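Structure file work.tsv; described as TSV, C-alpha atoms and all ligand atoms.
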chain	number	residue	atom	x	y	z
A	1	MET	CA	-35.47	3.67	-11.12
A	2	HIS	CA	-31.69	3.92	-10.82
A	3	THR	CA	-29.23	1.66	-12.58
A	4	VAL	CA	-25.76	0.95	-11.26
A	5	LYS	CA	-22.77	0.83	-13.59
A	6	VAL	CA	-20.24	-1.70	-12.29
A	7	ILE	CA	-16.73	-0.29	-11.89
A	8	LEU	CA	-15.24	-3.11	-9.80
A	9	SER	CA	-16.65	-6.62	-10.19
A	10	SER	CA	-16.98	-9.08	-7.34
A	11	GLU	CA	-14.13	-11.12	-8.88
A	12	GLN	CA	-11.82	-8.08	-9.09
A	13	ILE	CA	-12.58	-7.19	-5.47
A	14	GLN	CA	-11.94	-10.73	-4.21
A	15	THR	CA	-8.68	-11.05	-6.16
A	16	ARG	CA	-7.38	-7.79	-4.72
A	17	ILE	CA	-8.48	-8.73	-1.19
A	18	ALA	CA	-6.50	-11.97	-1.43
A	19	GLU	CA	-3.42	-9.90	-2.38
A	20	LEU	CA	-4.00	-7.45	0.47
A	21	GLY	CA	-4.38	-10.36	2.88
A	22	LYS	CA	-0.98	-11.70	1.83
A	23	GLU	CA	0.66	-8.25	2.16
A	24	ILE	CA	-0.86	-7.70	5.59
A	25	SER	CA	0.08	-11.21	6.78
A	26	ALA	CA	3.70	-10.69	5.68
A	27	HIS	CA	3.85	-7.26	7.32
A	28	TYR	CA	2.58	-8.55	10.66
A	29	ALA	CA	4.25	-12.00	10.47
A	30	SER	CA	6.22	-11.53	13.69
A	31	VAL	CA	3.53	-10.06	15.96
A	32	LYS	CA	3.40	-11.61	19.42
A	33	GLU	CA	-0.21	-10.73	20.19
A	34	PRO	CA	-3.08	-10.92	17.68
A	35	LEU	CA	-3.42	-8.05	15.24
A	36	VAL	CA	-6.48	-5.93	16.10
A	37	LEU	CA	-8.57	-5.29	12.98
A	38	VAL	CA	-10.93	-2.36	13.52
A	39	GLY	CA	-13.73	-2.08	10.97
A	40	VAL	CA	-15.42	1.29	10.54
A	41	LEU	CA	-19.20	0.83	10.63
A	42	LYS	CA	-21.18	0.40	8.65
A	43	GLY	CA	-19.44	0.53	5.28
A	44	SER	CA	-16.51	-1.78	6.00
A	45	PHE	CA	-18.49	-4.78	7.24
A	46	LEU	CA	-18.21	-6.82	4.04
A	47	PHE	CA	-14.62	-5.81	3.33
A	48	LEU	CA	-13.55	-6.70	6.87
A	49	ALA	CA	-15.38	-10.03	6.70
A	50	ASP	CA	-13.65	-11.02	3.45
A	51	LEU	CA	-10.26	-9.51	4.34
A	52	CYS	CA	-9.92	-11.20	7.74
A	53	ARG	CA	-10.35	-14.59	6.10
A	54	LYS	CA	-7.34	-13.88	3.85
A	55	ILE	CA	-5.07	-12.91	6.76
A	56	SER	CA	-2.99	-15.78	8.11
A	57	VAL	CA	-1.71	-14.19	11.35
A	58	PRO	CA	-3.94	-14.29	14.46
A	59	VAL	CA	-6.45	-11.43	14.55
A	60	GLU	CA	-9.03	-9.93	16.87
A	61	ILE	CA	-12.03	-8.11	15.41
A	62	GLU	CA	-13.34	-4.78	16.66
A	63	PHE	CA	-15.72	-2.25	15.18
A	64	ILE	CA	-15.97	1.49	15.61
A	65	GLY	CA	-19.01	3.53	14.67
A	66	VAL	CA	-18.74	7.04	13.29
A	67	SER	CA	-21.22	9.52	11.98
A	68	SER	CA	-20.13	10.83	8.62
A	69	TYR	CA	-22.41	12.11	5.87
A	70	GLY	CA	-25.84	11.42	7.28
A	71	GLU	CA	-28.00	11.25	4.20
A	72	ALA	CA	-25.92	13.77	2.25
A	73	THR	CA	-23.19	12.90	-0.23
A	74	GLU	CA	-20.67	15.57	0.79
A	75	SER	CA	-18.27	15.15	3.72
A	76	SER	CA	-19.02	17.61	6.50
A	77	GLY	CA	-15.56	17.18	8.00
A	78	VAL	CA	-17.23	16.64	11.35
A	79	VAL	CA	-16.55	13.18	12.74
A	80	GLN	CA	-18.22	11.78	15.82
A	81	ILE	CA	-17.64	8.38	17.43
A	82	THR	CA	-21.07	6.80	17.87
A	83	GLN	CA	-19.81	3.38	19.01
A	84	ASP	CA	-16.40	2.85	20.56
A	85	LEU	CA	-14.04	-0.15	20.72
A	86	THR	CA	-14.96	-2.77	23.29
A	87	ARG	CA	-11.38	-3.26	24.58
A	88	PRO	CA	-8.22	-1.20	25.17
A	89	ILE	CA	-5.65	-1.18	22.35
A	90	GLU	CA	-2.65	-0.16	24.47
A	91	ASN	CA	0.53	-1.97	23.28
A	92	ARG	CA	-1.38	-3.67	20.45
A	93	ASP	CA	-0.83	-3.65	16.70
A	94	VAL	CA	-3.95	-2.04	15.24
A	95	LEU	CA	-5.11	-1.98	11.63
A	96	LEU	CA	-7.98	0.38	10.85
A	97	VAL	CA	-10.11	-1.07	8.03
A	98	GLU	CA	-12.02	1.53	6.01
A	99	ASP	CA	-14.34	0.98	3.07
A	100	ILE	CA	-13.32	4.18	1.33
A	101	VAL	CA	-11.00	7.12	1.93
A	102	ASP	CA	-12.62	10.13	0.31
A	103	THR	CA	-11.37	13.38	1.90
A	104	GLY	CA	-9.47	11.26	4.45
A	105	LEU	CA	-10.94	13.23	7.37
A	106	THR	CA	-12.63	10.23	8.97
A	107	ALA	CA	-9.53	8.03	8.83
A	108	LYS	CA	-7.29	10.86	10.04
A	109	TYR	CA	-9.57	11.56	12.99
A	110	LEU	CA	-9.72	7.88	13.96
A	111	LEU	CA	-5.97	7.29	13.61
A	112	ASP	CA	-5.21	10.39	15.71
A	113	ASN	CA	-7.74	9.19	18.28
A	114	PHE	CA	-6.23	5.68	18.38
A	115	LYS	CA	-2.71	7.10	18.83
A	116	THR	CA	-3.78	8.73	22.12
A	117	ARG	CA	-4.57	5.20	23.40
A	118	GLU	CA	-0.85	4.24	23.04
A	119	PRO	CA	-1.04	1.24	20.70
A	120	LYS	CA	2.19	-0.47	19.64
A	121	SER	CA	1.44	0.48	16.03
A	122	VAL	CA	-1.48	1.81	14.06
A	123	SER	CA	-1.92	1.50	10.29
A	124	LEU	CA	-4.65	2.04	7.73
A	125	CYS	CA	-6.15	-0.33	5.18
A	126	ALA	CA	-8.79	0.96	2.76
A	127	LEU	CA	-10.53	-0.91	-0.04
A	128	LEU	CA	-11.00	2.28	-2.05
A	129	GLU	CA	-9.34	5.68	-2.24
A	130	LYS	CA	-10.39	8.77	-4.17
A	131	PRO	CA	-6.95	10.40	-4.64
A	132	ALA	CA	-8.54	13.56	-6.07
A	133	GLN	CA	-10.11	14.18	-2.66
A	134	ASN	CA	-7.45	12.76	-0.32
A	135	GLN	CA	-4.69	15.17	-1.19
A	136	GLY	CA	-2.11	14.43	1.47
A	137	THR	CA	-4.61	14.22	4.34
A	138	ILE	CA	-3.78	10.62	5.15
A	139	ALA	CA	-1.37	7.95	3.88
A	140	ILE	CA	-2.94	4.55	3.25
A	141	ASP	CA	-0.66	1.67	4.20
A	142	PHE	CA	-2.68	-1.00	2.38
A	143	CYS	CA	-4.95	0.26	-0.44
A	144	GLY	CA	-7.20	-1.89	-2.61
A	145	PHE	CA	-8.07	0.39	-5.52
A	146	GLN	CA	-7.78	4.05	-6.43
A	147	ILE	CA	-10.98	5.26	-8.09
A	148	PRO	CA	-12.14	8.48	-9.80
A	149	ASP	CA	-13.94	11.16	-7.80
A	150	GLN	CA	-17.42	9.71	-8.23
A	151	PHE	CA	-19.98	8.62	-5.65
A	152	VAL	CA	-19.90	4.83	-5.52
A	153	VAL	CA	-22.20	2.24	-3.97
A	154	GLY	CA	-22.19	-1.47	-3.19
A	155	TYR	CA	-19.97	-3.91	-1.35
A	156	GLY	CA	-20.82	-2.21	1.95
A	157	LEU	CA	-21.08	1.34	0.60
A	158	ASP	CA	-24.50	2.90	0.76
A	159	TRP	CA	-26.61	5.50	-0.91
A	160	ALA	CA	-28.92	6.75	1.86
A	161	GLN	CA	-28.47	3.35	3.59
A	162	LYS	CA	-29.42	1.38	0.48
A	163	MET	CA	-27.39	-0.84	-1.89
A	164	ARG	CA	-24.81	-1.98	0.68
A	165	ASN	CA	-25.56	-5.59	-0.29
A	166	LEU	CA	-24.48	-5.32	-3.93
A	167	PRO	CA	-21.58	-7.76	-4.44
A	168	TYR	CA	-19.76	-5.24	-6.67
A	169	VAL	CA	-18.83	-1.53	-6.52
A	170	GLY	CA	-20.65	0.72	-8.97
A	171	VAL	CA	-21.75	4.22	-9.84
A	172	VAL	CA	-25.45	5.16	-9.70
A	173	GLU	CA	-26.74	6.43	-13.05
A	201	LIG	P1	-14.01	10.86	4.26
A	201	LIG	O1	-13.98	11.27	5.70
A	201	LIG	O2	-14.34	12.03	3.35
A	201	LIG	O3	-12.75	10.15	3.82
A	201	LIG	O4	-15.23	9.91	4.06
A	201	LIG	C1	-15.23	8.63	4.58
A	201	LIG	C2	-16.62	8.02	4.65
A	201	LIG	O5	-17.58	8.67	3.80
A	201	LIG	C3	-16.57	6.59	4.18
A	201	LIG	O6	-16.22	5.70	5.22
A	201	LIG	C4	-17.96	6.38	3.63
A	201	LIG	O7	-18.83	6.00	4.68
A	201	LIG	C5	-18.38	7.73	3.12
A	201	LIG	N1	-18.15	7.87	1.66
A	201	LIG	C6	-17.19	8.58	1.03
A	201	LIG	N2	-17.28	8.47	-0.30
A	201	LIG	C7	-18.33	7.64	-0.52
A	201	LIG	C8	-18.91	7.12	-1.73
A	201	LIG	O8	-18.50	7.36	-2.87
A	201	LIG	N3	-19.99	6.28	-1.56
A	201	LIG	C9	-20.46	5.95	-0.33
A	201	LIG	N4	-19.94	6.42	0.81
A	201	LIG	C10	-18.88	7.26	0.72
Full structure transcribed into structure tokens:
Amino acid sequence: MHTVKVILSSEQIQTRIAELGKEISAHYASVKEPLVLVGVLKGSFLFLADLCRKISVPVEIEFIGVSSYGEATESSGVVQITQDLTRPIENRDVLLVEDIVDTGLTAKYLLDNFKTREPKSVSLCALLEKPAQNQGTIAIDFCGFQIPDQFVVGYGLDWAQKMRNLPYVGVVE
């Protein structure tokens, strides 16, 4: 039986999300068309759900599916889109919402891919970043927390598809 050591409590996460929501709302205060929030499946589903309710400018919600680790815990560097956006993003302000930036390869691939679709702007928001892994691969415009280089679970993040429903972020012991 595994135990999970909490590193970010539900309260800490919600407090930070409220701050991020304010920052994002201020940044996009003058947009003419709704901001397109793109959640990366599956890990960002809880973060996106909580974040969008703290954003005061009009938003549209999209999801994109990518294959990342499979059941392994090391990034392969190979990213494949398994489910694409449902609508074009040409001339739109787009904010990619990631659960975690580890090596940054997934976010970099998706941002590069989005740029080919000629959006008005494209930025990145991530709840978590492991700076020890993301060494200059990708700049995060709105970052929740920087964490040590440990495998974390909960609040959307899985360990072989399990533990996504934990309300906190923790390390499996
Ligand atoms: P990257 O491409 O190395 O930045 O990895 C990004 C993806 O890997 C994330 O969206 C997660 O799905 C997964 N991932 C990276 N680190 C962790 C972790 O510590 N726990 C759970 N999933 C992780």
Length of the CA of Gly170 (chain A) to CA of Leu51 (chain A) vector [Å]: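 Between CA of Gly170 (chain A) and CA of Leu51 (chain A) the gap works out to 19.7 Å.
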Report as a Markdown table: every residue of chain A with an atom at most 7 Å from ligand LIG 201 (chain A), its closest pair of atoms, and their distance in Å to one decimal, counting all atoms listed in the file, with rows sorted by chain and ascending residue number.
| residue | atom | partner | partner_atom | distance |
| --- | --- | --- | --- | --- |
| A:Val40 | CA | A:LIG201 | O6 | 7.0 |
| A:Gly43 | CA | A:LIG201 | O7 | 5.5 |
| A:Ser68 | CA | A:LIG201 | O5 | 5.9 |
| A:Tyr69 | CA | A:LIG201 | O5 | 6.3 |
| A:Ser75 | CA | A:LIG201 | O2 | 5.0 |
| A:Gly77 | CA | A:LIG201 | O1 | 6.5 |
| A:Glu98 | CA | A:LIG201 | O6 | 6.0 |
| A:Asp99 | CA | A:LIG201 | O6 | 5.5 |
| A:Ile100 | CA | A:LIG201 | C3 | 4.9 |
| A:Val101 | CA | A:LIG201 | O3 | 4.0 |
| A:Asp102 | CA | A:LIG201 | O3 | 3.5 |
| A:Thr103 | CA | A:LIG201 | O2 | 3.6 |
| A:Gly104 | CA | A:LIG201 | O3 | 3.5 |
| A:Leu105 | CA | A:LIG201 | O1 | 4.0 |
| A:Thr106 | CA | A:LIG201 | O1 | 3.7 |
| A:Ala107 | CA | A:LIG201 | O3 | 6.3 |
| A:Gln150 | CA | A:LIG201 | O8 | 6.0 |
| A:Phe151 | CA | A:LIG201 | O8 | 3.4 |
| A:Val152 | CA | A:LIG201 | O8 | 3.9 |
| A:Val153 | CA | A:LIG201 | N3 | 5.2 |
| A:Leu157 | CA | A:LIG201 | C9 | 4.7 |
| A:Asp158 | CA | A:LIG201 | C9 | 5.2 |
| A:Trp159 | CA | A:LIG201 | C9 | 6.2 |
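You will find CA of Gly65 (chain A) at 11.4 Å from CA of Thr86 (chain A).
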Give me the residues near Ile17 (chain A) as a list in words, where near means some atom within 8 Å (using all atoms listed in the file) and where sequence neighbours in that chain fewer than 2 positions away do not count.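 In the requested form, the answer reads Ile13, Gln14, Thr15, Glu19, Leu20, Gly21, Asp50, Leu51, Lys54 and Gly144 of chain A.
With only C-alpha atoms as the basis for measurement, A:Met163 is the residue among A:Val59, A:Val122, A:Ile147, A:Met163 that approaches His2 (chain A) most closely.
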Return the single residue from A:Val171, A:Gly39, A:Ser56, A:Val66 that is closest to Ala26 (chain A), with distances computed using all atoms listed in the file. A:Ser56
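Nearest to Val78 (chain A) of all the residues A:Leu37, A:Asp93, A:Lys108, A:Leu124 is A:Lys108, counting all atoms listed in the file.
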Could you please determine the separation between CA of Glu118 (chain A) and CA of Gln83 (chain A) in Å, to one decimal place?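 Value for the CA of Glu118 (chain A)-CA of Gln83 (chain A) distance: 19.4 Å.
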Nearest to Asp112 (chain A): which of A:Ser9, A:Leu96, A:Val31, A:Gln135 is it, counting only C-alpha atoms? A:Leu96
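Proximity of A:Pro167, A:Pro88, A:Pro131, A:Gly136 to Gln12 (chain A), computed with all atoms listed in the file, is greatest for A:Pro167.
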Fill-in result for region 51-63 of chain A, N, CA, C and O atoms as a PDB file, in the coordinates of the input:
ATOM      1  N   LEU A  51     -11.697  -9.723   4.113  1.00  0.00           N
ATOM      2  CA  LEU A  51     -10.260  -9.510   4.340  1.00  0.00           C
ATOM      3  C   LEU A  51      -9.727 -10.394   5.470  1.00  0.00           C
ATOM      4  O   LEU A  51      -8.666 -11.017   5.333  1.00  0.00           O
ATOM      5  N   CYS A  52     -10.450 -10.461   6.579  1.00  0.00           N
ATOM      6  CA  CYS A  52      -9.920 -11.200   7.740  1.00  0.00           C
ATOM      7  C   CYS A  52      -9.723 -12.668   7.420  1.00  0.00           C
ATOM      8  O   CYS A  52      -8.854 -13.325   7.993  1.00  0.00           O
ATOM      9  N   ARG A  53     -10.501 -13.178   6.457  1.00  0.00           N
ATOM     10  CA  ARG A  53     -10.350 -14.590   6.100  1.00  0.00           C
ATOM     11  C   ARG A  53      -9.173 -14.834   5.165  1.00  0.00           C
ATOM     12  O   ARG A  53      -8.838 -15.972   4.858  1.00  0.00           O
ATOM     13  N   LYS A  54      -8.548 -13.758   4.690  1.00  0.00           N
ATOM     14  CA  LYS A  54      -7.340 -13.880   3.850  1.00  0.00           C
ATOM     15  C   LYS A  54      -6.087 -13.508   4.626  1.00  0.00           C
ATOM     16  O   LYS A  54      -5.002 -13.401   4.050  1.00  0.00           O
ATOM     17  N   ILE A  55      -6.221 -13.255   5.922  1.00  0.00           N
ATOM     18  CA  ILE A  55      -5.070 -12.910   6.760  1.00  0.00           C
ATOM     19  C   ILE A  55      -4.700 -14.151   7.564  1.00  0.00           C
ATOM     20  O   ILE A  55      -5.557 -14.755   8.217  1.00  0.00           O
ATOM     21  N   SER A  56      -3.413 -14.518   7.497  1.00  0.00           N
ATOM     22  CA  SER A  56      -2.990 -15.780   8.110  1.00  0.00           C
ATOM     23  C   SER A  56      -2.420 -15.622   9.517  1.00  0.00           C
ATOM     24  O   SER A  56      -2.199 -16.613  10.202  1.00  0.00           O
ATOM     25  N   VAL A  57      -2.177 -14.379   9.970  1.00  0.00           N
ATOM     26  CA  VAL A  57      -1.710 -14.190  11.350  1.00  0.00           C
ATOM     27  C   VAL A  57      -2.950 -14.094  12.259  1.00  0.00           C
ATOM     28  O   VAL A  57      -4.045 -13.746  11.787  1.00  0.00           O
ATOM     29  N   PRO A  58      -2.777 -14.385  13.568  1.00  0.00           N
ATOM     30  CA  PRO A  58      -3.940 -14.290  14.460  1.00  0.00           C
ATOM     31  C   PRO A  58      -4.501 -12.863  14.507  1.00  0.00           C
ATOM     32  O   PRO A  58      -3.716 -11.899  14.523  1.00  0.00           O
ATOM     33  N   VAL A  59      -5.820 -12.751  14.507  1.00  0.00           N
ATOM     34  CA  VAL A  59      -6.450 -11.430  14.550  1.00  0.00           C
ATOM     35  C   VAL A  59      -7.548 -11.391  15.609  1.00  0.00           C
ATOM     36  O   VAL A  59      -8.107 -12.429  15.980  1.00  0.00           O
ATOM     37  N   GLU A  60      -7.826 -10.197  16.093  1.00  0.00           N
ATOM     38  CA  GLU A  60      -9.030  -9.930  16.870  1.00  0.00           C
ATOM     39  C   GLU A  60      -9.844  -8.926  16.061  1.00  0.00           C
ATOM     40  O   GLU A  60      -9.267  -8.117  15.331  1.00  0.00           O
ATOM     41  N   ILE A  61     -11.159  -8.983  16.205  1.00  0.00           N
ATOM     42  CA  ILE A  61     -12.030  -8.110  15.410  1.00  0.00           C
ATOM     43  C   ILE A  61     -12.718  -7.100  16.324  1.00  0.00           C
ATOM     44  O   ILE A  61     -13.309  -7.481  17.341  1.00  0.00           O
ATOM     45  N   GLU A  62     -12.622  -5.849  15.948  1.00  0.00           N
ATOM     46  CA  GLU A  62     -13.340  -4.780  16.660  1.00  0.00           C
ATOM     47  C   GLU A  62     -14.057  -3.930  15.603  1.00  0.00           C
ATOM     48  O   GLU A  62     -13.686  -3.935  14.425  1.00  0.00           O
ATOM     49  N   PHE A  63     -15.047  -3.200  16.064  1.00  0.00           N
ATOM     50  CA  PHE A  63     -15.720  -2.250  15.180  1.00  0.00           C
ATOM     51  C   PHE A  63     -15.757  -0.894  15.868  1.00  0.00           C
ATOM     52  O   PHE A  63     -15.791  -0.813  17.104  1.00  0.00           O
TER      53      PHE A  63
END
